[in-house]
>>> print(open('entry-v7.pdb').read())   # PDB, C-alpha atoms
ATOM      1  CA  MET Z 459       0.000   0.000   0.000
ATOM      2  CA  VAL Z 460       1.495   3.324  -1.122
ATOM      3  CA  TRP Z 461       0.258   5.816   1.430
ATOM      4  CA  PRO Z 462       0.389   9.116  -0.593
ATOM      5  CA  ILE Z 463      -1.818   7.618  -3.338
ATOM      6  CA  ASP Z 464      -4.047   6.074  -0.668
ATOM      7  CA  LEU Z 465      -4.479   9.403   1.125
ATOM      8  CA  ALA Z 466      -5.169  11.299  -2.120
ATOM      9  CA  ILE Z 467      -7.830   8.781  -3.199
ATOM     10  CA  LEU Z 468      -9.418   8.795   0.281
ATOM     11  CA  THR Z 469      -9.720  12.590   0.073
ATOM     12  CA  LEU Z 470     -11.359  12.314  -3.351
ATOM     13  CA  VAL Z 471     -13.738   9.649  -2.005
ATOM     14  CA  VAL Z 472     -14.940  11.927   0.796
ATOM     15  CA  ILE Z 473     -15.260  14.907  -1.588
ATOM     16  CA  THR Z 474     -17.281  12.965  -4.170
ATOM     17  CA  SER Z 475     -19.548  11.415  -1.508
ATOM     18  CA  ILE Z 476     -20.374  14.821  -0.021
ATOM     19  CA  GLY Z 477     -20.829  16.218  -3.534
ATOM     20  CA  ALA Z 478     -23.230  13.432  -4.510
ATOM     21  CA  LEU Z 479     -25.387  14.289  -1.504
ATOM     22  CA  MET Z 480     -25.158  18.088  -1.835
ATOM     23  CA  VAL Z 481     -25.795  18.660  -5.546
ATOM     24  CA  LYS Z 482     -29.292  19.956  -6.316
ATOM     25  CA  ASP Z 483     -29.897  17.770  -9.377
ATOM     26  CA  LEU Z 484     -30.547  14.037  -9.271
ATOM     27  CA  LEU Z 485     -28.757  13.290 -12.561
ATOM     28  CA  GLY Z 486     -25.682  15.109 -11.240
ATOM     29  CA  ALA Z 487     -25.956  13.081  -8.041
ATOM     30  CA  ALA Z 488     -26.053   9.859 -10.069
ATOM     31  CA  ILE Z 489     -22.937  10.790 -12.052
ATOM     32  CA  LEU Z 490     -21.081  11.904  -8.913
ATOM     33  CA  PHE Z 491     -22.028   8.595  -7.307
ATOM     34  CA  GLY Z 492     -20.456   6.833 -10.304
ATOM     35  CA  ALA Z 493     -17.283   8.863  -9.753
ATOM     36  CA  TYR Z 494     -17.397   7.885  -6.065
ATOM     37  CA  SER Z 495     -17.668   4.177  -6.962
ATOM     38  CA  PHE Z 496     -14.758   4.455  -9.361
ATOM     39  CA  MET Z 497     -12.599   6.152  -6.714
ATOM     40  CA  MET Z 498     -13.498   3.269  -4.373
ATOM     41  CA  CYS Z 499     -12.388   0.845  -7.114
ATOM     42  CA  LEU Z 500      -9.006   2.620  -7.347
ATOM     43  CA  LEU Z 501      -8.770   2.429  -3.555
ATOM     44  CA  TRP Z 502      -9.250  -1.357  -3.561
ATOM     45  CA  THR Z 503      -6.501  -1.646  -6.192
ATOM     46  CA  VAL Z 504      -4.102   0.386  -4.039
ATOM     47  CA  MET Z 505      -4.899  -1.834  -1.056
ATOM     48  CA  GLY Z 506      -4.167  -5.013  -3.039
ATOM     49  CA  ALA Z 507      -7.743  -6.279  -3.294
ATOM     50  CA  VAL Z 508      -7.800  -6.773  -7.063
ATOM     51  CA  ASP Z 509     -10.824  -9.098  -7.128
ATOM     52  CA  VAL Z 510     -12.911  -6.612  -5.147
ATOM     53  CA  ALA Z 511     -11.598  -3.854  -7.433
ATOM     54  CA  PHE Z 512     -12.849  -5.276 -10.683
ATOM     55  CA  THR Z 513     -16.145  -6.368  -9.188
ATOM     56  CA  GLU Z 514     -16.636  -2.829  -7.919
ATOM     57  CA  ALA Z 515     -15.640  -1.360 -11.301
ATOM     58  CA  SER Z 516     -18.140  -3.450 -13.247
ATOM     59  CA  VAL Z 517     -20.966  -3.764 -10.713
ATOM     60  CA  GLY Z 518     -20.578  -0.645  -8.568
ATOM     61  CA  ALA Z 519     -19.439   1.978 -11.052
ATOM     62  CA  GLY Z 520     -21.115   0.398 -14.090
ATOM     63  CA  VAL Z 521     -24.440  -1.215 -13.212
ATOM     64  CA  SER Z 522     -25.283   1.057 -10.242
ATOM     65  CA  THR Z 523     -24.807   4.213 -12.299
ATOM     66  CA  VAL Z 524     -26.964   2.805 -15.090
ATOM     67  CA  PHE Z 525     -29.658   1.942 -12.505
ATOM     68  CA  PHE Z 526     -29.578   5.452 -11.056
ATOM     69  CA  VAL Z 527     -29.694   7.162 -14.465
ATOM     70  CA  ALA Z 528     -32.571   4.909 -15.563
ATOM     71  CA  ALA Z 529     -34.508   5.611 -12.346
ATOM     72  CA  VAL Z 530     -33.941   9.366 -12.664
ATOM     73  CA  PHE Z 531     -35.156   9.347 -16.276
ATOM     74  CA  ARG Z 532     -38.283   7.414 -15.265
ATOM     75  CA  THR Z 533     -39.064   9.824 -12.424
ATOM     76  CA  SER Z 534     -37.850  13.431 -12.161
ATOM     77  CA  ARG Z 535     -34.565  15.303 -11.775
ATOM     78  CA  ARG Z 536     -36.046  17.766  -9.301
ATOM     79  CA  THR Z 537     -34.838  17.728  -5.699
ATOM     80  CA  LYS Z 538     -35.119  20.209  -2.845
ATOM     81  CA  ASP Z 539     -32.021  19.271  -0.828
TER      82      ASP Z 539
ATOM     83  CA  MET C1307      -0.262  13.608  23.258
ATOM     84  CA  ALA C1308       2.299  12.479  20.672
ATOM     85  CA  ASP C1309       1.082   8.912  21.173
ATOM     86  CA  LEU C1310      -2.505   9.960  20.533
ATOM     87  CA  ILE C1311      -1.569  11.858  17.369
ATOM     88  CA  SER C1312       0.485   8.931  16.052
ATOM     89  CA  ILE C1313      -2.444   6.560  16.698
ATOM     90  CA  ILE C1314      -4.830   8.880  14.852
ATOM     91  CA  VAL C1315      -2.458   9.333  11.904
ATOM     92  CA  ALA C1316      -1.494   5.662  11.603
ATOM     93  CA  LYS C1317      -5.121   4.463  11.450
ATOM     94  CA  TYR C1318      -6.323   7.082   8.942
ATOM     95  CA  ASN C1319      -8.121   4.459   6.824
ATOM     96  CA  TYR C1320     -10.421   3.708   9.747
ATOM     97  CA  TRP C1321     -11.132   7.402  10.362
ATOM     98  CA  ILE C1322     -12.167   7.852   6.738
ATOM     99  CA  TYR C1323     -14.316   4.746   7.092
ATOM    100  CA  ILE C1324     -16.099   6.257  10.099
ATOM    101  CA  THR C1325     -16.511   9.563   8.224
ATOM    102  CA  LEU C1326     -18.058   7.876   5.182
ATOM    103  CA  MET C1327     -20.327   5.765   7.366
ATOM    104  CA  MET C1328     -21.627   8.843   9.195
ATOM    105  CA  ILE C1329     -22.120  10.697   5.885
ATOM    106  CA  GLY C1330     -24.249   7.793   4.665
ATOM    107  CA  LEU C1331     -26.210   7.581   7.927
ATOM    108  CA  TYR C1332     -26.884  11.335   7.843
ATOM    109  CA  ALA C1333     -28.128  11.095   4.255
ATOM    110  CA  MET C1334     -30.429   8.184   5.080
ATOM    111  CA  ILE C1335     -31.965  10.010   8.056
ATOM    112  CA  ALA C1336     -31.957  13.693   7.138
ATOM    113  CA  LYS C1337     -32.286  13.908   3.353
ATOM    114  CA  ASN C1338     -35.740  14.586   1.995
ATOM    115  CA  ASN C1339     -35.446  13.053  -1.484
ATOM    116  CA  LEU C1340     -35.842   9.295  -1.874
ATOM    117  CA  VAL C1341     -33.026   8.932  -4.436
ATOM    118  CA  LYS C1342     -30.678  10.877  -2.133
ATOM    119  CA  LYS C1343     -31.555   8.452   0.658
ATOM    120  CA  ILE C1344     -30.666   5.522  -1.623
ATOM    121  CA  VAL C1345     -27.333   7.177  -2.503
ATOM    122  CA  GLY C1346     -26.686   7.485   1.236
ATOM    123  CA  MET C1347     -27.464   3.802   1.741
ATOM    124  CA  ASN C1348     -24.916   2.849  -0.917
ATOM    125  CA  ILE C1349     -22.259   5.104   0.627
ATOM    126  CA  PHE C1350     -22.920   3.349   3.965
ATOM    127  CA  GLN C1351     -22.423  -0.050   2.341
ATOM    128  CA  THR C1352     -19.155   0.900   0.620
ATOM    129  CA  ALA C1353     -17.896   2.323   3.926
ATOM    130  CA  ILE C1354     -18.360  -1.094   5.541
ATOM    131  CA  ILE C1355     -16.519  -2.696   2.604
ATOM    132  CA  LEU C1356     -13.693  -0.177   3.125
ATOM    133  CA  PHE C1357     -13.447  -1.265   6.773
ATOM    134  CA  TYR C1358     -13.213  -4.942   5.896
ATOM    135  CA  VAL C1359     -10.630  -4.447   3.127
ATOM    136  CA  SER C1360      -8.568  -2.259   5.478
ATOM    137  CA  ILE C1361      -8.391  -5.162   7.937
ATOM    138  CA  GLY C1362      -6.636  -7.373   5.369
ATOM    139  CA  VAL C1363      -3.840  -4.913   4.502
ATOM    140  CA  LYS C1364      -0.302  -5.811   5.621
ATOM    141  CA  LYS C1365       2.831  -3.711   5.432
ATOM    142  CA  GLY C1366       5.129  -4.703   2.553
ATOM    143  CA  ALA C1367       2.737  -7.387   1.268
ATOM    144  CA  THR C1368       1.685  -7.970  -2.326
ATOM    145  CA  ILE C1369      -1.620  -8.980  -3.923
ATOM    146  CA  PRO C1370      -2.903 -12.454  -2.892
ATOM    147  CA  ILE C1371      -1.783 -14.371  -6.001
ATOM    148  CA  LEU C1372       0.912 -17.031  -5.479
ATOM    149  CA  GLU C1373       4.255 -16.413  -7.120
ATOM    150  CA  HIS C1374       5.558 -19.465  -9.021
ATOM    151  CA  GLY C1375       2.196 -21.095  -8.458
ATOM    152  CA  HIS C1376       2.744 -23.450 -11.374
ATOM    153  CA  GLY C1377       5.791 -25.069  -9.818
ATOM    154  CA  GLY C1378       8.794 -25.900 -11.952
ATOM    155  CA  HIS C1379      11.233 -24.504  -9.409
ATOM    156  CA  GLY C1380      10.896 -27.161  -6.788
ATOM    157  CA  HIS C1381       8.848 -26.688  -3.674
ATOM    158  CA  HIS C1382       8.351 -23.187  -2.377
ATOM    159  CA  VAL C1383       7.433 -22.254   1.132
ATOM    160  CA  VAL C1384       4.534 -19.811   1.104
ATOM    161  CA  HIS C1385       5.035 -17.029   3.636
ATOM    162  CA  ALA C1386       1.629 -15.691   4.649
ATOM    163  CA  ALA C1387       3.219 -12.377   5.625
ATOM    164  CA  ASP C1388       4.138 -11.720   1.965
ATOM    165  CA  TYR C1389       0.507 -11.574   0.808
ATOM    166  CA  VAL C1390      -2.409  -9.422   1.957
ATOM    167  CA  ASN C1391      -5.169 -11.389   3.672
ATOM    168  CA  PRO C1392      -7.654 -12.510   0.979
ATOM    169  CA  LEU C1393     -10.433 -13.669   3.351
ATOM    170  CA  PRO C1394     -12.061 -10.222   3.904
ATOM    171  CA  HIS C1395     -11.883  -9.613   0.132
ATOM    172  CA  VAL C1396     -13.899 -12.751  -0.592
ATOM    173  CA  LEU C1397     -16.499 -11.812   2.020
ATOM    174  CA  MET C1398     -16.802  -8.333   0.499
ATOM    175  CA  LEU C1399     -17.348  -9.682  -3.029
ATOM    176  CA  THR C1400     -20.673 -11.021  -1.753
ATOM    177  CA  ALA C1401     -21.407  -7.710  -0.030
ATOM    178  CA  ILE C1402     -20.937  -5.759  -3.300
ATOM    179  CA  VAL C1403     -23.383  -8.003  -5.166
ATOM    180  CA  VAL C1404     -25.924  -7.811  -2.318
ATOM    181  CA  GLY C1405     -25.510  -4.026  -2.376
ATOM    182  CA  VAL C1406     -26.435  -3.839  -6.056
ATOM    183  CA  ALA C1407     -29.452  -6.102  -5.436
ATOM    184  CA  THR C1408     -30.749  -3.867  -2.624
ATOM    185  CA  LEU C1409     -30.098  -0.821  -4.829
ATOM    186  CA  GLY C1410     -32.236  -2.303  -7.611
ATOM    187  CA  VAL C1411     -35.114  -3.121  -5.234
ATOM    188  CA  ALA C1412     -34.931   0.314  -3.597
ATOM    189  CA  LEU C1413     -34.995   2.139  -6.937
ATOM    190  CA  ALA C1414     -37.911  -0.004  -8.148
ATOM    191  CA  LEU C1415     -39.848   0.941  -4.983
ATOM    192  CA  ALA C1416     -38.954   4.619  -5.517
ATOM    193  CA  ILE C1417     -40.300   4.473  -9.091
ATOM    194  CA  ARG C1418     -43.483   2.825  -7.777
ATOM    195  CA  VAL C1419     -43.888   5.591  -5.174
ATOM    196  CA  TYR C1420     -43.330   8.220  -7.858
ATOM    197  CA  ASN C1421     -46.029   6.705 -10.069
ATOM    198  CA  GLN C1422     -48.455   6.745  -7.128
ATOM    199  CA  TYR C1423     -47.786  10.214  -5.701
ATOM    200  CA  ASN C1424     -46.038  12.012  -8.600
ATOM    201  CA  THR C1425     -43.199  13.224  -6.395
ATOM    202  CA  LEU C1426     -39.997  11.910  -4.817
ATOM    203  CA  GLU C1427     -39.923  14.309  -1.845
ATOM    204  CA  GLU C1428     -40.737  12.662   1.459
ATOM    205  CA  ASP C1429     -42.635  15.602   2.987
ATOM    206  CA  GLU C1430     -44.888  15.997  -0.088
ATOM    207  CA  ILE C1431     -45.665  12.257  -0.041
ATOM    208  CA  LEU C1432     -46.539  12.425   3.666
ATOM    209  CA  ALA C1433     -48.753  15.477   3.068
ATOM    210  CA  GLN C1434     -50.626  13.622   0.315
ATOM    211  CA  ILE C1435     -51.073  10.588   2.585
ATOM    212  CA  ARG C1436     -52.517  12.800   5.354
ATOM    213  CA  GLU C1437     -55.000  14.404   2.931
ATOM    214  CA  GLU C1438     -56.490  11.070   1.943
TER     215      GLU C1438
END
>>> encode(input="entry-v7.pdb", output="structure tokens")
Amino acid sequence: MVWPIDLAILTLVVITSIGALMVKDLLGAAILFGAYSFMMCLLWTVMGAVDVAFTEASVGAGVSTVFFVAAVFRTSRRTKD
Amino acid sequence: MADLISIIVAKYNYWIYITLMMIGLYAMIAKNNLVKKIVGMNIFQTAIILFYVSIGVKKGATIPILEHGHGGHGHHVVHAADYVNPLPHVLMLTAIVVGVATLGVALALAIRVYNQYNTLEEDEILAQIREE
């Protein structure tokens, strides 16, 4: 585990998670959540968990984002918080 | 004091894990939009996965794939300290798949609620339920 890369990715993870919850548009939240999942995938790679990393890349960053975008298109993008 | 600071700095992975978990818990409780609540639930789940993967990390260890696994160089002694612990990884593979399944069910329920009440905001849904 290389700690400078680890620390940088952990910072990005926290920033993207707060951003996904703060943005006032559900499509933006879905895309930021995809970025969050991909940062998590990079984090697993840094920590040596390669099997978890490619499962997260395909299932977390791929399928979850598609689910969110599909749900937002079937409902509405409007949000108050 | 120096001991306390060194403990806090050395375990920074766990502090980020607690931070992410509390961010997800806050979103599940305090956010008003149903999709935002589901995003918070997923952040909570990945925080738990981060905790478990952090347990398996060892200093100076490599990924858990055997070197010279196909033999040819005589018998090798496998030193467990040279590889990160793969057991938490395998447990968390299941957790990722379960997380996507719960995400799909939650989004399907949110779409169903939207078709019924024509909104995703929790307070508007509750107001419509009280009117009926």
>>> resolve_selection(input="entry-v7.pdb", expression="the ChimeraX specification (/C :<8) & /Z", output="number ranges by chain")
Z: 459, 468, 472, 475-476, 478-479, 484, 487, 491, 498, 502, 505-510, 513-514, 517-518, 521-522, 525-526, 529, 532-534, 537-539
>>> atom_distance(input="entry-v7.pdb", atom1="CA of Ile1311 in chain C", atom2="CA of Ile1354 in chain C")
24.3 Å
>>> resolve_selection(input="entry-v7.pdb", expression="the PyMOL selection byres ((chain Z and resi 463) around 12)", output="JSON, numbers by chain")
{"Z": [459, 460, 461, 462, 464, 465, 466, 467, 468, 469, 470, 497, 500, 501, 502, 503, 504, 505]}
>>> atom_distance(input="entry-v7.pdb", atom1="CA of Ala493 in chain Z", atom2="CA of Val527 in chain Z")
13.4 Å
